[in-house]
Amino acid sequence: AGDLVEAQAALYTGDAFHRDWASGTLDRVAALGAEALVGGRGSVAVGRDAVDAAIDQTRHFLQVMIGEVTAVQGRGGTLKEAFEAVHGELEPRYGRWPIFEHCLPFDVSRLWDELSGIERPVIWTAERDRAVWDELQA
């Protein structure tokens, strides 16, 4: 499943299409009826219950991000405010999972762009990585 579905690891969505992933894409993955799922990192989900749990966790993570960033944008907030809102909502459940703190700034930045009308992900360069990290994690 790569970055699309993770089992007990935070998502990396720095090049995602969040709204598509959270709906139709995850529905199609679930419809496969897989008995095992290997994500990009985290645990291997073995058995239908574990696969379904991984898909549900992924969907929840995405839905929370989409809801929080949409709300901040709707009130004219900033990317930093969106990051803080998403972090506050996700950290209690996912904060101890691998790569949560590392990926979340890039996840929120991409989602911010997507909800702002930037359809295709902007290429991540070393300079852009550092700028996003400095803005959101400083």
# chains A, B, ... in the order shown; residues from 1 in each chain; ligands from 1
call {"tool": "residues_around", "arguments": {"residues": "segment 17-27 of chain A", "least_positions_apart": "3", "cutoff": "7 Å", "atoms": "only C-alpha atoms", "output": "list in words"}}
result
Ala30, Ala31, Ile55, Arg59, Leu62, Gln63 and Leu111 of chain A
call {"tool": "residues_around", "arguments": {"residues": "Gly95 of chain A", "least_positions_apart": "6", "cutoff": "9 Å", "atoms": "only C-alpha atoms", "output": "VMD selection string"}}
result
chain A and resid 10 87 101
call {"tool": "atom_distance", "arguments": {"atom1": "atom CA of Val72 of chain A", "atom2": "atom CA of Asp56 of chain A"}}
result
24.3 Å
call {"tool": "closest_residue", "arguments": {"among": "A:Ala126, A:Ala9, A:Leu37, A:Leu32", "to": "Leu104 of chain A", "atoms": "only C-alpha atoms"}}
result
A:Ala9
call {"tool": "closest_residue", "arguments": {"among": "A:Arg130, A:Arg48, A:Arg120, A:Arg110", "to": "Phe83 of chain A", "atoms": "only C-alpha atoms"}}
result
A:Arg110
call {"tool": "residues_around", "arguments": {"residues": "Ile99 of chain A", "least_positions_apart": "2", "cutoff": "12 Å", "atoms": "only C-alpha atoms", "output": "list in words"}}
result
Asp3, Glu6, Gln8, Ala9, Ala10, Leu11, Tyr12, Thr13, Gly40, Arg41, Gly42, Glu91, Tyr94, Gly95, Arg96, Trp97, Glu101, His102, Cys103, Leu104, Pro105, Phe106 and Asp107 of chain A
call {"tool": "select_by_dssp", "arguments": {"residues": "chain A", "states": "strand (DSSP E or B)", "output": "PyMOL selection string"}}
result
chain A and resi 2+7+36-39+42+44-46
call {"tool": "closest_residue", "arguments": {"among": "A:Leu90, A:Ala138, A:Ile66, A:Val5", "to": "Ala50 of chain A", "atoms": "only C-alpha atoms"}}
result
A:Val5
call {"tool": "atom_distance", "arguments": {"atom1": "atom CA of Met65 of chain A", "atom2": "atom CA of Leu136 of chain A"}}
result
15.0 Å
call {"tool": "closest_residue", "arguments": {"among": "A:Ser116, A:Thr125, A:Asp134, A:Leu4", "to": "Gly74 of chain A", "atoms": "only C-alpha atoms"}}
result
A:Ser116
call {"tool": "select_by_dssp", "arguments": {"residues": "segment 19-109 of chain A", "states": "helix (DSSP H, G or I)", "output": "ChimeraX atom specification"}}
result
/A:19-31,48-74,79-94,100-109
call {"tool": "write_last_selection", "arguments": {"atoms": "C-alpha atoms", "output": "compact mmCIF listing (two decimals), in the first residue's frame"}}
result
# COMPACT_ATOMS: atom_id res chain seq x y z
CA ARG A 19 -9.84 14.25 -0.65
CA ASP A 20 -9.51 11.46 -3.22
CA TRP A 21 -7.54 9.28 -0.83
CA ALA A 22 -10.01 9.77 2.05
CA SER A 23 -12.96 8.71 -0.02
CA GLY A 24 -12.96 6.71 -3.24
CA THR A 25 -9.37 5.52 -3.12
CA LEU A 26 -9.67 4.00 0.35
CA ASP A 27 -13.07 2.57 -0.59
CA ARG A 28 -11.43 0.77 -3.52
CA VAL A 29 -8.61 -0.53 -1.31
CA ALA A 30 -11.16 -1.85 1.19
CA ALA A 31 -13.15 -3.49 -1.61
CA ARG A 48 -9.23 -8.80 7.61
CA ASP A 49 -9.74 -7.07 10.97
CA ALA A 50 -6.20 -5.68 10.95
CA VAL A 51 -6.47 -4.58 7.30
CA ASP A 52 -9.80 -2.88 7.99
CA ALA A 53 -8.34 -1.19 11.07
CA ALA A 54 -5.42 0.16 9.03
CA ILE A 55 -7.79 1.54 6.39
CA ASP A 56 -10.02 3.07 9.08
CA GLN A 57 -7.03 4.64 10.84
CA THR A 58 -5.83 6.11 7.56
CA ARG A 59 -9.27 7.48 6.72
CA HIS A 60 -9.62 9.04 10.18
CA PHE A 61 -6.18 10.67 9.97
CA LEU A 62 -7.07 12.16 6.58
CA GLN A 63 -10.55 13.28 7.61
CA VAL A 64 -9.24 15.07 10.68
CA MET A 65 -6.59 16.84 8.62
CA ILE A 66 -9.10 17.87 5.96
CA GLY A 67 -11.60 19.12 8.54
CA GLU A 68 -9.08 21.15 10.51
CA VAL A 69 -7.30 22.73 7.54
CA THR A 70 -10.63 23.55 5.88
CA ALA A 71 -11.82 25.26 9.07
CA VAL A 72 -8.65 27.34 9.43
CA GLN A 73 -8.71 28.39 5.78
CA GLY A 74 -12.40 29.22 6.07
CA LEU A 79 -0.72 27.64 7.48
CA LYS A 80 0.90 27.69 10.93
CA GLU A 81 -2.53 27.86 12.56
CA ALA A 82 -3.71 24.97 10.42
CA PHE A 83 -0.68 22.91 11.42
CA GLU A 84 -1.28 23.64 15.10
CA ALA A 85 -4.97 22.71 14.82
CA VAL A 86 -4.21 19.44 13.02
CA HIS A 87 -1.41 18.60 15.44
CA GLY A 88 -3.66 19.26 18.42
CA GLU A 89 -6.36 16.94 17.10
CA LEU A 90 -4.12 14.11 15.89
CA GLU A 91 -1.34 14.06 18.49
CA PRO A 92 -3.28 12.36 21.31
CA ARG A 93 -4.10 9.36 19.11
CA TYR A 94 -1.15 9.23 16.68
CA PHE A 100 4.25 11.58 13.16
CA GLU A 101 6.26 14.68 14.09
CA HIS A 102 8.47 14.39 11.03
CA CYS A 103 5.76 14.09 8.37
CA LEU A 104 2.94 16.22 9.72
CA PRO A 105 4.37 19.59 8.56
CA PHE A 106 4.67 18.28 5.01
CA ASP A 107 1.23 16.66 5.17
CA VAL A 108 -0.46 19.87 6.28
CA SER A 109 1.48 21.99 3.80
